Each structure stands twice: as structure tokens, then as C-alpha cells.
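Data from model17.cif: mmCIF, C-alpha atoms
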data_work
#
loop_
_atom_site.label_atom_id
_atom_site.label_comp_id
_atom_site.auth_asym_id
_atom_site.auth_seq_id
_atom_site.Cartn_x
_atom_site.Cartn_y
_atom_site.Cartn_z
CA MET A 1 14.41 -7.49 40.89
CA ASP A 2 12.72 -4.92 43.16
CA GLN A 3 9.38 -6.63 43.66
CA ARG A 4 7.84 -3.93 45.82
CA LYS A 5 8.76 -1.21 43.34
CA SER A 6 7.22 -3.25 40.51
CA ALA A 7 4.03 -3.88 42.47
CA LEU A 8 3.84 -0.21 43.47
CA SER A 9 4.24 0.81 39.82
CA VAL A 10 1.41 -1.47 38.67
CA TRP A 11 -0.84 -0.28 41.49
CA ALA A 12 -0.14 3.43 40.86
CA ARG A 13 -0.80 3.17 37.11
CA ARG A 14 -4.12 1.50 37.85
CA GLN A 15 -5.05 4.25 40.33
CA LEU A 16 -4.15 6.99 37.87
CA SER A 17 -6.14 5.30 35.10
CA GLU A 18 -9.19 5.07 37.34
CA MET A 19 -8.80 8.71 38.38
CA ALA A 20 -8.62 9.79 34.73
CA GLY A 21 -11.94 8.09 34.00
CA ALA A 22 -13.09 8.31 30.39
CA THR A 23 -10.11 10.44 29.35
CA PRO A 24 -7.07 8.12 29.15
CA LEU A 25 -3.71 9.46 30.33
CA GLN A 26 -1.54 9.36 27.23
CA GLY A 27 1.87 7.81 27.85
CA LEU A 28 0.99 6.35 31.25
CA ALA A 29 1.86 2.78 30.29
CA GLU A 30 5.33 3.77 29.05
CA ALA A 31 6.16 6.32 31.75
CA GLU A 32 9.24 5.56 33.84
CA VAL A 33 8.99 5.23 37.61
CA GLU A 34 12.05 7.09 38.89
CA THR A 35 13.53 7.02 42.36
CA VAL A 36 13.12 10.30 44.22
CA SER A 37 14.63 9.44 47.57
CA GLY A 38 14.69 7.26 50.60
CA ASP A 39 14.74 8.82 54.04
CA ALA A 40 15.68 7.97 57.60
CA SER A 41 12.71 5.60 57.82
CA PHE A 42 11.85 2.52 55.76
CA ARG A 43 9.80 4.59 53.30
CA ARG A 44 10.91 5.04 49.69
CA TYR A 45 9.69 7.69 47.26
CA PHE A 46 9.32 7.47 43.49
CA ARG A 47 7.95 9.73 40.76
CA ILE A 48 5.96 9.00 37.62
CA SER A 49 5.62 11.78 35.04
CA ILE A 50 3.62 12.18 31.85
CA ALA A 51 3.25 15.33 29.78
CA ASN A 52 3.08 18.22 32.27
CA ALA A 53 1.87 16.18 35.23
CA SER A 54 3.68 14.12 37.84
CA TRP A 55 2.85 12.19 41.00
CA VAL A 56 4.81 10.78 43.92
CA LEU A 57 4.59 7.07 44.71
CA VAL A 58 5.37 5.94 48.26
CA ASP A 59 6.51 2.49 49.30
CA ALA A 60 5.85 2.20 53.04
CA PRO A 61 6.18 -1.45 54.10
CA PRO A 62 3.35 -2.09 56.58
CA THR A 63 5.62 -4.12 58.87
CA HIS A 64 7.61 -0.95 59.54
CA GLU A 65 5.42 2.02 58.54
CA ASP A 66 1.88 3.15 59.38
CA CYS A 67 0.05 4.55 56.35
CA HIS A 68 -3.10 5.09 58.44
CA ARG A 69 -1.17 7.53 60.63
CA PHE A 70 0.42 9.26 57.62
CA VAL A 71 -2.94 9.83 55.93
CA ARG A 72 -4.64 10.97 59.14
CA ILE A 73 -1.95 13.50 60.04
CA ALA A 74 -1.64 14.76 56.45
CA HIS A 75 -5.35 15.58 56.59
CA LEU A 76 -5.18 16.98 60.13
CA PHE A 77 -2.31 19.33 59.28
CA ARG A 78 -3.89 20.44 56.01
CA GLU A 79 -7.08 21.32 57.92
CA ALA A 80 -4.93 23.44 60.26
CA GLY A 81 -3.49 25.39 57.34
CA LEU A 82 -0.25 23.57 56.50
CA LEU A 83 0.42 22.55 52.91
CA THR A 84 0.93 18.80 53.13
CA PRO A 85 0.81 16.74 49.92
CA ARG A 86 -2.70 15.52 49.08
CA VAL A 87 -3.10 11.77 49.44
CA LEU A 88 -4.75 10.74 46.16
CA ALA A 89 -4.91 7.00 46.77
CA VAL A 90 -3.74 4.53 49.40
CA ASP A 91 -3.53 0.76 49.79
CA TYR A 92 -3.12 0.16 53.51
CA GLU A 93 -2.63 -3.57 53.17
CA GLN A 94 0.30 -3.28 50.75
CA GLY A 95 1.67 -0.03 52.18
CA PHE A 96 1.37 1.97 48.94
CA MET A 97 0.41 5.65 48.57
CA LEU A 98 -0.06 8.01 45.63
CA LEU A 99 0.60 11.65 46.54
CA GLU A 100 0.49 15.12 45.07
CA ASP A 101 3.96 16.03 43.78
CA PHE A 102 5.56 19.06 45.45
CA GLY A 103 8.64 18.89 43.21
CA ASP A 104 12.27 18.73 44.33
CA THR A 105 13.09 22.19 45.68
CA LEU A 106 13.91 21.79 49.36
CA TYR A 107 14.62 24.76 51.61
CA LEU A 108 18.18 23.65 52.35
CA PRO A 109 19.95 24.34 49.00
CA THR A 110 18.37 27.77 48.71
CA LEU A 111 19.30 28.62 52.30
CA LEU A 112 22.89 27.52 51.72
CA GLN A 113 23.11 29.54 48.52
CA GLY A 114 21.53 32.58 50.13
CA ARG A 115 23.92 32.41 53.05
CA SER A 116 26.91 32.36 50.72
CA LEU A 117 25.51 35.32 48.74
CA ASN A 118 24.43 37.15 51.91
CA ASP A 119 20.99 37.84 50.43
CA ASP A 120 17.59 38.02 52.15
CA SER A 121 16.31 34.61 51.05
CA ALA A 122 16.69 33.17 54.55
CA ASP A 123 14.46 35.87 56.04
CA GLN A 124 11.80 35.19 53.42
CA LEU A 125 11.93 31.43 53.83
CA TYR A 126 11.97 31.44 57.62
CA SER A 127 9.19 34.02 57.78
CA ALA A 128 7.02 31.77 55.59
CA ALA A 129 7.93 28.68 57.63
CA MET A 130 7.25 30.40 60.96
CA HIS A 131 3.93 31.73 59.70
CA ALA A 132 2.93 28.19 58.67
CA LEU A 133 4.01 26.93 62.09
CA ILE A 134 1.89 29.57 63.80
CA GLU A 135 -1.11 28.37 61.77
CA LEU A 136 -0.49 24.80 62.89
CA GLN A 137 -0.17 25.77 66.55
CA ALA A 138 -3.19 28.08 66.47
CA ASN A 139 -5.53 25.82 64.48
CA GLY A 140 -4.29 22.26 64.98
CA LYS A 141 -6.56 19.76 66.72
CA SER A 142 -4.19 18.68 69.45
CA SER A 143 -6.78 16.32 70.90
CA GLU A 144 -6.20 14.02 67.93
CA LEU A 145 -2.48 13.53 68.57
CA ALA A 146 -0.58 11.55 71.18
CA PRO A 147 1.17 13.55 73.92
CA TYR A 148 4.89 14.26 73.86
CA ASP A 149 4.95 13.10 77.47
CA ARG A 150 7.76 12.35 79.89
CA LYS A 151 7.93 8.71 78.80
CA LEU A 152 8.48 9.64 75.14
CA LEU A 153 10.93 12.41 75.99
CA ARG A 154 12.95 9.96 78.12
CA THR A 155 12.82 7.25 75.43
CA GLU A 156 14.31 9.74 72.98
CA LEU A 157 17.00 11.03 75.33
CA SER A 158 18.00 7.46 76.16
CA LEU A 159 19.02 7.01 72.54
CA PHE A 160 22.06 9.11 73.48
CA ASP A 161 22.97 6.72 76.31
CA ASN A 162 22.45 3.59 74.26
CA TRP A 163 23.42 4.33 70.65
CA PHE A 164 25.99 7.11 71.08
CA CYS A 165 27.71 6.35 74.39
CA GLU A 166 27.48 2.58 74.67
CA ARG A 167 27.33 1.39 71.06
CA PHE A 168 29.16 4.02 69.03
CA LEU A 169 31.75 5.10 71.61
CA GLU A 170 31.81 1.66 73.30
CA LEU A 171 31.71 3.47 76.62
CA THR A 172 30.54 1.55 79.68
CA LEU A 173 28.63 4.08 81.76
CA THR A 174 29.32 3.99 85.50
CA ASP A 175 26.55 4.24 88.06
CA GLU A 176 27.59 7.83 88.71
CA GLU A 177 27.41 8.67 85.01
CA LYS A 178 24.01 7.02 84.69
CA ALA A 179 22.79 9.09 87.63
CA LEU A 180 24.16 12.26 86.03
CA LEU A 181 22.36 11.53 82.76
CA ASP A 182 19.16 10.67 84.61
CA SER A 183 19.11 13.97 86.51
CA THR A 184 20.00 15.93 83.35
CA TRP A 185 17.27 14.26 81.33
CA THR A 186 14.73 14.93 84.11
CA PHE A 187 15.67 18.62 84.06
CA LEU A 188 15.17 18.83 80.28
CA GLU A 189 11.90 16.89 80.46
CA ASP A 190 10.56 19.23 83.15
CA ALA A 191 11.43 22.24 80.98
CA ALA A 192 9.64 20.79 77.95
CA LEU A 193 6.51 19.81 79.84
CA ALA A 194 6.22 23.25 81.46
CA GLN A 195 5.78 24.96 78.07
CA PRO A 196 2.40 25.53 76.33
CA GLN A 197 1.52 22.27 74.55
CA VAL A 198 0.61 22.47 70.85
CA CYS A 199 0.64 20.35 67.70
CA VAL A 200 4.26 19.45 66.93
CA HIS A 201 5.49 18.28 63.52
CA ARG A 202 8.59 16.86 65.24
CA ASP A 203 11.03 17.21 62.34
CA TYR A 204 10.36 20.71 61.02
CA HIS A 205 13.59 21.66 59.25
CA SER A 206 15.15 22.56 55.91
CA ARG A 207 15.09 19.03 54.48
CA ASN A 208 11.38 18.63 55.21
CA LEU A 209 10.21 22.01 53.89
CA MET A 210 9.80 22.64 50.17
CA ILE A 211 9.67 25.81 48.10
CA LEU A 212 6.46 25.83 46.04
CA GLU A 213 5.75 27.78 42.86
CA ASN A 214 9.34 29.05 42.92
CA ASP A 215 8.20 31.63 45.47
CA LEU A 216 10.28 32.07 48.62
CA GLN A 217 7.41 33.83 50.40
CA HIS A 218 4.87 31.13 49.57
CA ALA A 219 3.85 28.83 52.42
CA PRO A 220 6.22 25.86 52.34
CA GLY A 221 5.25 22.38 51.31
CA VAL A 222 5.59 20.27 54.45
CA ILE A 223 6.66 16.62 54.39
CA ASP A 224 7.75 13.89 56.85
CA PHE A 225 5.05 14.84 59.36
CA GLN A 226 3.80 11.38 60.33
CA ASP A 227 5.45 11.37 63.80
CA ALA A 228 3.48 14.41 64.96
CA VAL A 229 2.55 14.73 68.64
CA VAL A 230 1.33 17.34 71.12
CA GLY A 231 4.32 18.95 72.77
CA ALA A 232 6.25 22.09 73.63
CA CYS A 233 5.56 25.20 71.56
CA THR A 234 9.29 25.80 70.92
CA TYR A 235 10.06 22.29 69.64
CA ASP A 236 9.40 22.87 65.93
CA LEU A 237 10.83 26.36 66.13
CA VAL A 238 14.19 25.13 67.43
CA SER A 239 14.15 22.34 64.82
CA LEU A 240 13.81 25.05 62.19
CA LEU A 241 16.23 27.67 63.49
CA ARG A 242 18.89 25.36 64.94
CA ASP A 243 18.73 22.97 62.03
CA CYS A 244 21.10 19.99 62.05
CA TYR A 245 22.09 20.76 58.44
CA ILE A 246 22.75 24.52 58.45
CA VAL A 247 23.92 26.87 61.19
CA TRP A 248 23.21 30.59 61.63
CA PRO A 249 24.81 33.23 63.88
CA PRO A 250 23.27 33.18 67.38
CA GLU A 251 22.07 36.77 67.14
CA ARG A 252 20.15 36.00 63.95
CA VAL A 253 18.56 32.92 65.49
CA ARG A 254 17.57 35.01 68.51
CA GLU A 255 15.95 37.64 66.29
CA TRP A 256 13.92 35.04 64.39
CA ALA A 257 12.88 33.28 67.62
CA LEU A 258 11.59 36.54 69.11
CA GLN A 259 9.69 37.28 65.88
CA PHE A 260 7.96 33.95 66.37
CA ARG A 261 7.22 34.76 70.02
CA ALA A 262 5.56 38.04 69.02
CA ALA A 263 3.37 36.24 66.47
CA ALA A 264 2.51 33.50 68.98
CA LEU A 265 1.41 36.13 71.52
CA GLN A 266 -0.72 37.85 68.90
CA ARG A 267 -2.46 34.59 67.96
CA GLY A 268 -3.04 33.52 71.56
CA ILE A 269 -0.67 30.54 71.43
CA LEU A 270 1.14 32.14 74.35
CA ASP A 271 -1.08 33.58 77.06
CA ALA A 272 -0.62 37.35 77.16
CA ASP A 273 -1.56 37.52 80.84
CA ALA A 274 1.02 34.94 81.83
CA ALA A 275 3.34 35.28 78.87
CA SER A 276 6.96 34.46 79.34
CA THR A 277 9.38 37.30 79.04
CA PRO A 278 11.67 37.27 76.00
CA ALA A 279 14.43 35.91 78.24
CA GLN A 280 12.21 33.07 79.52
CA PHE A 281 11.04 32.23 75.99
CA LEU A 282 14.64 32.04 74.79
CA ARG A 283 15.50 29.83 77.77
CA ASP A 284 12.62 27.50 76.85
CA PHE A 285 13.86 27.54 73.26
CA ASP A 286 17.40 26.66 74.37
CA LEU A 287 16.41 23.81 76.68
CA MET A 288 14.03 22.31 74.13
CA GLY A 289 16.86 22.44 71.61
CA LEU A 290 19.13 20.58 74.01
CA GLN A 291 16.61 17.76 74.32
CA ARG A 292 16.22 17.58 70.55
CA HIS A 293 19.91 17.69 69.71
CA ILE A 294 20.96 15.20 72.38
CA LYS A 295 18.31 12.84 71.05
CA VAL A 296 19.42 13.45 67.45
CA ILE A 297 23.00 12.40 68.25
CA GLY A 298 21.59 9.04 69.33
CA ILE A 299 19.31 8.78 66.29
CA PHE A 300 22.13 9.47 63.83
CA CYS A 301 24.27 6.79 65.49
CA ARG A 302 21.38 4.33 65.34
CA LEU A 303 20.85 5.06 61.65
CA ASN A 304 24.52 4.29 61.09
CA LEU A 305 24.89 1.20 63.27
CA ARG A 306 21.49 -0.45 62.96
CA ASP A 307 20.20 0.72 59.58
CA GLY A 308 23.41 1.00 57.57
CA LYS A 309 22.91 4.72 56.82
CA PRO A 310 26.24 6.37 57.73
CA ARG A 311 25.63 9.62 55.83
CA TYR A 312 24.00 11.23 58.87
CA MET A 313 27.18 10.82 60.93
CA ALA A 314 28.86 13.69 59.10
CA ASP A 315 26.34 16.02 60.80
CA VAL A 316 27.00 14.79 64.35
CA PRO A 317 29.85 17.30 65.03
CA LEU A 318 27.50 20.20 64.23
CA VAL A 319 24.87 18.77 66.57
CA ILE A 320 27.49 18.35 69.30
CA ASP A 321 28.50 22.00 68.78
CA TYR A 322 24.88 23.03 69.31
CA VAL A 323 24.69 21.01 72.52
CA LEU A 324 27.92 22.39 73.96
CA SER A 325 27.39 26.03 72.98
CA VAL A 326 23.82 26.13 74.30
CA ALA A 327 24.48 24.07 77.44
CA ALA A 328 27.32 26.44 78.37
CA GLN A 329 24.74 29.21 78.84
CA HIS A 330 22.74 27.32 81.47
CA PRO A 331 24.28 26.57 84.90
CA GLU A 332 22.03 23.54 85.38
CA MET A 333 23.95 21.83 82.56
CA ALA A 334 27.42 22.49 84.02
CA GLU A 335 28.05 19.00 85.40
CA PHE A 336 26.89 17.37 82.16
CA MET A 337 29.12 19.76 80.21
CA GLN A 338 32.18 18.92 82.31
CA TRP A 339 31.59 15.19 81.84
CA PHE A 340 31.02 15.60 78.10
CA HIS A 341 34.21 17.62 77.63
CA ASN A 342 36.39 15.38 79.80
CA LYS A 343 35.05 11.91 79.02
CA VAL A 344 33.01 11.95 75.80
CA LEU A 345 34.78 14.32 73.40
CA PRO A 346 38.19 12.59 73.59
CA LEU A 347 36.49 9.34 72.52
CA ALA A 348 34.09 10.87 70.00
CA LEU A 349 36.31 13.15 67.94
CA PRO A 350 38.64 10.48 66.49
CA LYS A 351 35.67 8.22 65.65
CA LEU A 352 33.78 11.03 63.94
CA GLU A 353 36.73 12.15 61.82
CA LYS A 354 36.34 9.42 59.22
CA PHE A 355 32.69 10.34 58.65
CA ALA A 356 33.61 13.98 58.02
CA SER A 357 35.87 12.89 55.17
CA GLY A 358 33.18 10.66 53.67
CA ALA A 359 35.28 7.57 54.11
CA ALA A 360 32.46 5.72 55.83
CA ALA A 361 29.74 6.74 53.38
#
The structure in this file should be written as C-alpha cells.
Amino acid sequence: MDQRKSALSVWARRQLSEMAGATPLQGLAEAEVETVSGDASFRRYFRISIANASWVLVDAPPTHEDCHRFVRIAHLFREAGLLTPRVLAVDYEQGFMLLEDFGDTLYLPTLLQGRSLNDDSADQLYSAAMHALIELQANGKSSELAPYDRKLLRTELSLFDNWFCERFLELTLTDEEKALLDSTWTFLEDAALAQPQVCVHRDYHSRNLMILENDLQHAPGVIDFQDAVVGACTYDLVSLLRDCYIVWPPERVREWALQFRAAALQRGILDADAASTPAQFLRDFDLMGLQRHIKVIGIFCRLNLRDGKPRYMADVPLVIDYVLSVAAQHPEMAEFMQWFHNKVLPLALPKLEKFASGAAA
């Protein structure tokens, strides 16, 4: 028996009854609590529906998840202009939340369908997502978020060393290799810290953005925001445009990125007097993407090895492709690239093959 799900169900029905007041919600007692999803964290999501209304129930075990942070950032982002789900009730002690229901229509399936049909849905969706991101960066209260500082950037990059190289590949790094990674990580950290610092969602991509009201041009519903920090202005943009779950031609990504730059200049996110040139902005975008994707390789391996969630491993080859194709354009990454090609790829490709086929799922 799933005791937490049962307790969450009882708690949510009581909250909904209290919210309804003198007008009882017909069918509430009999309504099924259906699983919506789990994610890369310890949170689980459920839905309860009656008549034409539905709500999302969240199980966030307090030993692993911080509901205080979730509620605070949901409110902070909504104040800045993002559409985060309204938190209708919360029990911090049990780790239960009752949220507004945004439905099930994620960006990703529509983007994949639009790409296959060669229609303009991607332009509409990305325009809406970039506009929402501009609102966050222009209006967000960055003083209320922790900094995406060198320590955090290094902690994330070290996931590659630990979970990908040492644990997944079973590679014992030499002192020379450790020194190479250290100097490479320092270079990427310096690049991130030199950018304008803004509110950062930290996982702003097609599986965390939702189409609302069946309108591609509507501002997206934004979820999975609880790890927000203050960091580089290109971080969320590269998460969006170099998504780990869908890939676009480089020239199209470049066009979207420069559209964002123009909007950021107009809103004062980038300083017009000291604004980076398009080339410098794209360089910042590239290097921020390298930090993110190198870190993601480590995260996906950790999800597989530590948390028993192998499904993310099928996306590692795409993330590696991003790293190699972008790194090849920057001379500072040449030594890392040579090491990756000569030492890492021969070990990684055979191990990743079984995940591509779904055999490890």
C-alpha cells in the first residue's frame, strides 16, 4: 500500500472541501487520485478531477524536498510575470501541496510534431517562452535568490568527473587529467560569472514548459522552478534552445538567440552602453551551454546509478554531441576535446548503446 499517496489523498480532499465552503464539491469523495508523473527529483504528482475541475497533488517528502522553497519561488516568479501554478494549499510538515492544474500539454510533443511537419509552431512557442524569460530577467527580484557562484558551478561540473567518468565509465582519472578538467572548469566558470546576473529558472526547457489554453502564442505554464538561482543571463536561454530532448539546426538556434539578445537590450537586461556584440553574446551562450551540458551528463548518470532512473541515459549521446560540436568552435576547449575524443568516447559509446535501444529501461 502506498501510504503517502493515501495520506496525500485524504489531506487534499479535506483542503478542497474547506475551500468549497458551504457549497459541497459533488463527487469529491469518490473521485480517483491518478498518477500524473514523477520527475528527476523525489517529488510525485497526482491529479484529482471532478466535473469540469481538476487539481494537482504533490508528494514532496520533507526529508528530500523543500516545500518552503517551492512555494516561495512560485510566488516570486509569478510576481515577475511568469505563469507558475498557484499553490492553493500546503502542509510543510508532511510535504504535501495542492496546486492549480495546468493540464498535460508540454512543449516537447508539439515541437517534435511541428518539426516533422515543418510548420511555424516552434517559432510561436519559442517566441512565447523567450518573452516570458525576458519578463523574469527584467522583473525578477534577484536579491531573494541564492547566487549561482563559482562554488555551485564547480559542484555541478564535478558531477561529470564523479558520476560519468569515474562511476559510469569506471575511469580512474590521472593527475594530469584532473588538472585538465580543473583548468577547463575554471575557464567555463569565469565565462559564466562575467555575464550579467539575473534570475535563473535553471531547467527552462521543453519538458518544463506547458501550452495553456491550447494557444501556442500564450505565455507558457512554467514548472520545476524550485532550484532557481541568480546567474548568467544566457543560462535559461541555452537550456531552452539547446534542449537535451530536441535538437535544432545551428543557424535556427543562432537566429532565436539573437532575437532574445535584441529583446534583452531593449528591456535593459543587457547594458546598451557596454552591450556585447552579437558575436560575444553567442560566445557567452556557447560557453554557458558547455557548462550546462557537461553537468547534465553527470546528472543523467547519477539518476541512473544512484536513483535507478535509467531513462535519461538515452539522451546522453545528444548531450555529448552538443558538447563536442560547440567545444570545437572555441580554441580554449581544444585540449579537453582531444582528451574526450581519444580517451572518453571509446569507453562511453559501447556503454551507451544499450540505453539507446531501451534495453536498460
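In terms of minimum interatomic distance to Val198 (chain A), A:Lys141 ranks closest within A:Lys141, A:Arg154, A:His330, A:Lys178, counting all atoms listed in the file.
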Near Phe96 (chain A), counting only C-alpha atoms, which residues have an atom at most 9 Å away, once you skip same-chain residues fewer than 3 positions from it, shown as a compact mmCIF listing (two decimals) with C-alpha atoms, in the frame of the given file?
# COMPACT_ATOMS: atom_id res chain seq x y z
CA LEU A 8 3.84 -0.21 43.47
CA TRP A 11 -0.84 -0.28 41.49
CA ALA A 12 -0.14 3.43 40.86
CA LEU A 57 4.59 7.07 44.71
CA VAL A 58 5.37 5.94 48.26
CA ASP A 59 6.51 2.49 49.30
CA ALA A 60 5.85 2.20 53.04
CA PRO A 61 6.18 -1.45 54.10
CA PRO A 62 3.35 -2.09 56.58
CA CYS A 67 0.05 4.55 56.35
CA ALA A 89 -4.91 7.00 46.77
CA VAL A 90 -3.74 4.53 49.40
CA ASP A 91 -3.53 0.76 49.79
CA TYR A 92 -3.12 0.16 53.51
CA GLU A 93 -2.63 -3.57 53.17
Take the PyMOL selection byres ((chain A and resi 109) around 12), apply it to the structure above, and return the hits as a PDB file with C-alpha atoms, in the coordinates of the input.
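Contents of the output file expr29.pdb:
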ATOM      1  CA  ASP A 104      12.270  18.730  44.330  1.00  0.00           C
ATOM      2  CA  THR A 105      13.090  22.190  45.680  1.00  0.00           C
ATOM      3  CA  LEU A 106      13.910  21.790  49.360  1.00  0.00           C
ATOM      4  CA  TYR A 107      14.620  24.760  51.610  1.00  0.00           C
ATOM      5  CA  LEU A 108      18.180  23.650  52.350  1.00  0.00           C
ATOM      6  CA  THR A 110      18.370  27.770  48.710  1.00  0.00           C
ATOM      7  CA  LEU A 111      19.300  28.620  52.300  1.00  0.00           C
ATOM      8  CA  LEU A 112      22.890  27.520  51.720  1.00  0.00           C
ATOM      9  CA  GLN A 113      23.110  29.540  48.520  1.00  0.00           C
ATOM     10  CA  GLY A 114      21.530  32.580  50.130  1.00  0.00           C
ATOM     11  CA  ARG A 115      23.920  32.410  53.050  1.00  0.00           C
ATOM     12  CA  SER A 116      26.910  32.360  50.720  1.00  0.00           C
ATOM     13  CA  SER A 121      16.310  34.610  51.050  1.00  0.00           C
ATOM     14  CA  ALA A 122      16.690  33.170  54.550  1.00  0.00           C
ATOM     15  CA  LEU A 125      11.930  31.430  53.830  1.00  0.00           C
ATOM     16  CA  SER A 206      15.150  22.560  55.910  1.00  0.00           C
ATOM     17  CA  ARG A 207      15.090  19.030  54.480  1.00  0.00           C
ATOM     18  CA  LEU A 209      10.210  22.010  53.890  1.00  0.00           C
ATOM     19  CA  MET A 210       9.800  22.640  50.170  1.00  0.00           C
ATOM     20  CA  ILE A 211       9.670  25.810  48.100  1.00  0.00           C
ATOM     21  CA  TYR A 245      22.090  20.760  58.440  1.00  0.00           C
ATOM     22  CA  ILE A 246      22.750  24.520  58.450  1.00  0.00           C
TER      23      ILE A 246
END
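Take the candidates A:Leu117, A:Ala74, A:Ala328, A:Leu153 and check each one against Met288 (chain A) using only C-alpha atoms; the shortest distance goes to A:Leu153.
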Residues returned when the PyMOL selection byres ((chain A and resi 101) around 12) runs on this file, as a VMD selection string: chain A and resid 36 45 to 49 52 to 58 83 to 88 97 to 100 102 to 105 210 212 to 213 221 to 223
Polymer residues at most 8 Å from region 231-238 of chain A, only C-alpha atoms, same-chain spacing of 2 or more positions, as number ranges by chain: A: 130, 133, 137, 147-149, 192-205, 229, 240-243, 257, 284-286, 288-289, 292
Write a file of the just-selected residues containing C-alpha atoms, as a compact mmCIF listing (two decimals), keeping the file's coordinate frame.
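Output (again.txt):
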# COMPACT_ATOMS: atom_id res chain seq x y z
CA MET A 130 7.25 30.40 60.96
CA LEU A 133 4.01 26.93 62.09
CA GLN A 137 -0.17 25.77 66.55
CA PRO A 147 1.17 13.55 73.92
CA TYR A 148 4.89 14.26 73.86
CA ASP A 149 4.95 13.10 77.47
CA ALA A 192 9.64 20.79 77.95
CA LEU A 193 6.51 19.81 79.84
CA ALA A 194 6.22 23.25 81.46
CA GLN A 195 5.78 24.96 78.07
CA PRO A 196 2.40 25.53 76.33
CA GLN A 197 1.52 22.27 74.55
CA VAL A 198 0.61 22.47 70.85
CA CYS A 199 0.64 20.35 67.70
CA VAL A 200 4.26 19.45 66.93
CA HIS A 201 5.49 18.28 63.52
CA ARG A 202 8.59 16.86 65.24
CA ASP A 203 11.03 17.21 62.34
CA TYR A 204 10.36 20.71 61.02
CA HIS A 205 13.59 21.66 59.25
CA VAL A 229 2.55 14.73 68.64
CA LEU A 240 13.81 25.05 62.19
CA LEU A 241 16.23 27.67 63.49
CA ARG A 242 18.89 25.36 64.94
CA ASP A 243 18.73 22.97 62.03
CA ALA A 257 12.88 33.28 67.62
CA ASP A 284 12.62 27.50 76.85
CA PHE A 285 13.86 27.54 73.26
CA ASP A 286 17.40 26.66 74.37
CA MET A 288 14.03 22.31 74.13
CA GLY A 289 16.86 22.44 71.61
CA ARG A 292 16.22 17.58 70.55
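Around the coordinate (37.0, 8.2, 76.1), residues that reach within 9 Å when counting all atoms listed in the file are Leu169, Glu170, Leu171, Asn342, Lys343, Val344, Leu345, Pro346, Leu347 and Ala348 of chain A.
Nearest to Arg283 (chain A) of all the residues A:Leu180, A:Cys301, A:Ala263, A:Leu188 is A:Leu188, based on only C-alpha atoms.
Distance check against Ile134 (chain A) using all atoms listed in the file: of A:Ala146, A:Leu352, A:Met1, A:Ile269, the minimum falls on A:Ile269.
Compared by their closest atoms to Phe355 (chain A), and using only C-alpha atoms, the residues A:Asn304, A:Ser276, A:Gln259, A:Gln338 rank with A:Asn304 nearest.
Atom pair CA of Leu287 (chain A) / CA of Ala191 (chain A) has a distance of 6.8 Å (rounded to one decimal).
Closest approach to Arg252 (chain A) from the set A:Leu305, A:Ala7, A:Glu30, A:Asp123 is made by A:Asp123, with distances taken over only C-alpha atoms.
What the PyMOL selection byres ((chain A and resi 156-159) around 7) matches in the given file is Leu152, Leu153, Arg154, Thr155, Phe160, Asp161, Asn162, Trp163, Trp185, Gln291, Ile294, Lys295, Gly298 and Ile299 of chain A.
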What does the file look like for those residues with C-alpha atoms, as a short mmCIF file (atom, residue, chain, number, x, y, z; two decimals), keeping the file's coordinate frame?
data_model
loop_
_atom_site.label_atom_id
_atom_site.label_comp_id
_atom_site.auth_asym_id
_atom_site.auth_seq_id
_atom_site.Cartn_x
_atom_site.Cartn_y
_atom_site.Cartn_z
CA LEU A 152 8.48 9.64 75.14
CA LEU A 153 10.93 12.41 75.99
CA ARG A 154 12.95 9.96 78.12
CA THR A 155 12.82 7.25 75.43
CA PHE A 160 22.06 9.11 73.48
CA ASP A 161 22.97 6.72 76.31
CA ASN A 162 22.45 3.59 74.26
CA TRP A 163 23.42 4.33 70.65
CA TRP A 185 17.27 14.26 81.33
CA GLN A 291 16.61 17.76 74.32
CA ILE A 294 20.96 15.20 72.38
CA LYS A 295 18.31 12.84 71.05
CA GLY A 298 21.59 9.04 69.33
CA ILE A 299 19.31 8.78 66.29
#
Separation of CA of Ala179 (chain A) from CA of Glu166 (chain A), in Å and rounded to one decimal: 15.2 Å
Point-to-point distance from CA of Asp120 (chain A) to CA of Glu135 (chain A), Å rounded to tenths: 23.1 Å
